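S.K.: First, the structure itself, so that you have it in front of you.
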Amino acid sequence: MFSYLGGMMDLRLLRYFLAIVDTGSVTAASKELFVAQPSLSRQLRRLEHDLQLQLFARVDRRLVLTDVGRQFVPIARDLLARAAHARTMVGAIAASSTPDLVVAGPTTTISDIVAPFIASGGPASLANVVETSPQDVYEVVARGQADFGLGSSVPSRSLEAEVLVRVEVWAQVPQDHPLGDRGQVDLAEIVTHPLVHLDTSHAVRRAFDAATTRDGLTYDVVAQARSPRLGQALAAAGRGVCITSDDPRYDLASPQIMVDGEPLTVTLYAAWDRDHYAARHIRETVARLREFTAERYGHA
C-alpha cells in the first residue's frame, strides 16, 4: 500500500497498470499476470477512479496512454521501486543481518572499479549494481533504486558524500604514435593533435575543457563518443588521440596529461542518503573501496 492525497492504494494496481503499459494491451497483461482479463480491466478502472485521472484512452479498439498516463508511468515505477527497497530494508532489520547493498554508477566505473573490487574479495554485502548514465547516478540513489552511488559530479548537500579517488586523465594513442613512448605530455601539446573526445556528460570532458579554457587553448575534435571504449577503439584505428581516464585497451599507450606541472584529474565521489538505515555498512564499504582504489590508482 502507499498513501496519496490522504488515501491509500494497493500496490498491485500499479503493477497491473505497468504490465498493461509494458505489454501493450489488457489481453497480453492478463496472460503475463495470470489474472482474468475482466478482473484486470476492473482493477484498471479502480486505479483511475482512485487517482481521479484517465490513464488510458481507447483508440481503434486499442488502449493508448493519455498525456496524463504517460506522466504517471515513471511515478508508478518509482513507487514500486521504493516499495521493493523498503521490503529489503525491513527484511534486513528483522534478520539483524548485514544488508545487501546496491551501488549505482556509470558503466566505466562499474567495470573499472566496482567489478575488480568485488573480484578482489570485496565485502559480500555488495550484492548488485545499477549501471546508469553519469548524470543520473545520484538521482538513482535519491529514488531508492541503489543504496549508494559513485559519481564524478559534486553530490548535492542532501546526500552524505566522500571523495573516493582522484583518477588521472590520459591521452591514449597507438604504440607507434609520436606520443606513444611518452610517460607524460603537457596539455598545450595535446591540443595540437586531433582529439577523440567523450561527450560533455563525462567528467573527463568537463575537466579537460575547464583546463583548456583556463589556459586559453583550443582544439579540434575528429570524433565524439558516448562510450570510452568506443573512443579507445577510434584511437586504436588511428582516428585521433582519445582523452579518457579509463584503463587502456587495444594495446594503447597512455601518457599522462599534465597541466602546470600537475596531473589532470577527475574526482570520483561516493554518495548516499544520510538517513539510510544501513548508513554504517555503506560507510564501511566505501572505506574499503577507497583503500582498494588508492592501491589501484596510487592515491586517494
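Chain labels follow the order of the C-alpha cells: the first chain is A, the next B, and so on; residue numbering restarts at 1 in every chain, and ligands are counted from 1 in their shown order.
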Pick out the residues sitting within 10 Å of Met258 in chain A, and hand them over as a PyMOL selection string; count only C-alpha atoms, and ignore anything fewer than 4 positions along from it in its own chain.

M.R.: chain A and resi 168-170+184-190+262-265

S.K.: Can you pull out the residues contacting Ser227 in chain A? Cut-off 9 Å, using only C-alpha atoms, and skip same-chain residues under 5 positions away; I want them as a PDB file with N, CA, C and O atoms, in the first residue's frame.

M.R.:
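Final file, out-v5.pdb:
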```
ATOM      1  N   THR A 107      28.842   2.856 -16.485  1.00  0.00           N
ATOM      2  CA  THR A 107      29.390   1.573 -16.905  1.00  0.00           C
ATOM      3  C   THR A 107      30.896   1.504 -16.697  1.00  0.00           C
ATOM      4  O   THR A 107      31.425   0.495 -16.223  1.00  0.00           O
ATOM      5  N   THR A 108      31.599   2.582 -17.032  1.00  0.00           N
ATOM      6  CA  THR A 108      33.056   2.597 -16.873  1.00  0.00           C
ATOM      7  C   THR A 108      33.453   2.403 -15.417  1.00  0.00           C
ATOM      8  O   THR A 108      34.373   1.635 -15.105  1.00  0.00           O
ATOM      9  N   LEU A 198      35.149  12.349 -25.360  1.00  0.00           N
ATOM     10  CA  LEU A 198      33.876  11.911 -24.820  1.00  0.00           C
ATOM     11  C   LEU A 198      32.905  13.088 -24.845  1.00  0.00           C
ATOM     12  O   LEU A 198      33.321  14.237 -24.948  1.00  0.00           O
ATOM     13  N   ASP A 199      31.603  12.792 -24.729  1.00  0.00           N
ATOM     14  CA  ASP A 199      30.654  13.902 -24.724  1.00  0.00           C
ATOM     15  C   ASP A 199      30.667  14.591 -23.364  1.00  0.00           C
ATOM     16  O   ASP A 199      31.301  14.129 -22.412  1.00  0.00           O
ATOM     17  N   GLN A 232      38.352   4.678 -27.372  1.00  0.00           N
ATOM     18  CA  GLN A 232      39.631   3.964 -27.430  1.00  0.00           C
ATOM     19  C   GLN A 232      39.769   3.193 -28.741  1.00  0.00           C
ATOM     20  O   GLN A 232      40.854   3.133 -29.326  1.00  0.00           O
TER      21      GLN A 232
END
```

S.K.: Could you please determine the separation between CA of Ala211 in chain A and CA of Gly240 in chain A in Å, to one decimal place?

M.R.: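 One can read the CA of Ala211 in chain A to CA of Gly240 in chain A distance as 19.6 Å.
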
S.K.: Could you give me the residues within range 212-293 of chain A that DSSP places in strand (DSSP E), as a count of residues only?

M.R.: 24

S.K.: DSSP on the backbone, helix (DSSP H, G or I) only: what residues of range 12-218 of chain A does that give? Format it as number ranges by chain.

M.R.: A: 12-23, 26-33, 37-51, 67-95, 107-119, 134-142, 187-190, 203-214

S.K.: Which is closer to Asp247 in chain A than all the others in A:Ala287, A:Ala279, A:Val102, A:Val167, using only C-alpha atoms?

M.R.: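 Closest residue, counting only C-alpha atoms: A:Val167.
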
S.K.: Could you pull the residues within 12 Å of range 140-143 of chain A, counting only C-alpha atoms, minus those fewer than 4 positions along the same chain, as a ChimeraX atom specification?

M.R.: /A:74-86,101-106,129-136,147-151,155-156,158-161,270-276

S.K.: Given the choices A:Leu217, A:Val165, A:Ser39, A:Ser111, which gets closest to Val191 in chain A if the distance is worked out from only C-alpha atoms?

M.R.: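 Counting only C-alpha atoms, the residue closest to Val191 in chain A is A:Leu217.
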
S.K.: May I have the residues within 12 Å of Tyr16 in chain A as a ChimeraX atom specification, using only C-alpha atoms and disregarding those fewer than 3 positions away in the same chain?

M.R.: /A:10-13,19-37,39-48,73,76-77,80

S.K.: Counting only C-alpha atoms, which residue out of A:His281, A:Arg226, A:Arg182, A:Arg239 sits closest to Leu195 in chain A?

M.R.: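 Nearest to Leu195 in chain A: A:Arg239.
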
S.K.: Please report the interatomic distance between CA of Ile118 in chain A and CA of Ser201 in chain A in Å with one decimal.

M.R.: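 Separating CA of Ile118 in chain A from CA of Ser201 in chain A is a distance of 26.4 Å.
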
S.K.: Do a neighbour search on Arg166 in chain A at 7 Å with only C-alpha atoms, toss out local chain neighbours closer than 4 positions, and write the hits as a list of chain:residue names.

M.R.: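 Residues meeting the cut-off are A:Thr265, A:Val266, A:Thr267, A:Leu268, A:Ala300.
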
S.K.: Restricted to all heavy atoms, what would the selected residues look like written as a short mmCIF file (atom, residue, chain, number, x, y, z; two decimals), in the first residue's frame?

M.R.:
```cif
data_model
loop_
_atom_site.label_atom_id
_atom_site.label_comp_id
_atom_site.auth_asym_id
_atom_site.auth_seq_id
_atom_site.Cartn_x
_atom_site.Cartn_y
_atom_site.Cartn_z
N THR A 265 43.24 15.58 -13.38
CA THR A 265 42.50 14.51 -12.71
C THR A 265 41.00 14.81 -12.70
O THR A 265 40.58 15.95 -12.89
CB THR A 265 42.96 14.31 -11.26
OG1 THR A 265 42.67 15.49 -10.50
CG2 THR A 265 44.43 13.98 -11.18
N VAL A 266 40.23 13.76 -12.47
CA VAL A 266 38.81 13.90 -12.17
C VAL A 266 38.56 13.23 -10.82
O VAL A 266 39.24 12.27 -10.45
CB VAL A 266 37.91 13.26 -13.26
CG1 VAL A 266 38.05 14.00 -14.56
CG2 VAL A 266 38.23 11.79 -13.45
N THR A 267 37.59 13.76 -10.10
CA THR A 267 37.29 13.27 -8.76
C THR A 267 36.06 12.37 -8.80
O THR A 267 35.05 12.71 -9.41
CB THR A 267 37.03 14.44 -7.79
OG1 THR A 267 38.18 15.29 -7.77
CG2 THR A 267 36.75 13.94 -6.38
N LEU A 268 36.18 11.21 -8.16
CA LEU A 268 35.05 10.28 -8.06
C LEU A 268 34.54 10.32 -6.62
O LEU A 268 35.32 10.16 -5.67
CB LEU A 268 35.48 8.87 -8.43
CG LEU A 268 34.37 7.82 -8.54
CD1 LEU A 268 33.41 8.17 -9.66
CD2 LEU A 268 34.97 6.43 -8.76
N ALA A 300 44.51 8.65 -3.10
CA ALA A 300 43.07 8.86 -2.88
C ALA A 300 42.66 10.17 -3.49
O ALA A 300 43.48 10.99 -3.87
CB ALA A 300 42.77 8.84 -1.40
#
```

S.K.: Determine the nearest neighbour of Ala225 in chain A from the options A:Thr244, A:Thr212, A:Gln54, A:Thr66, counting only C-alpha atoms.

M.R.: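 Ranked by minimum distance to Ala225 in chain A, first place goes to A:Thr244.
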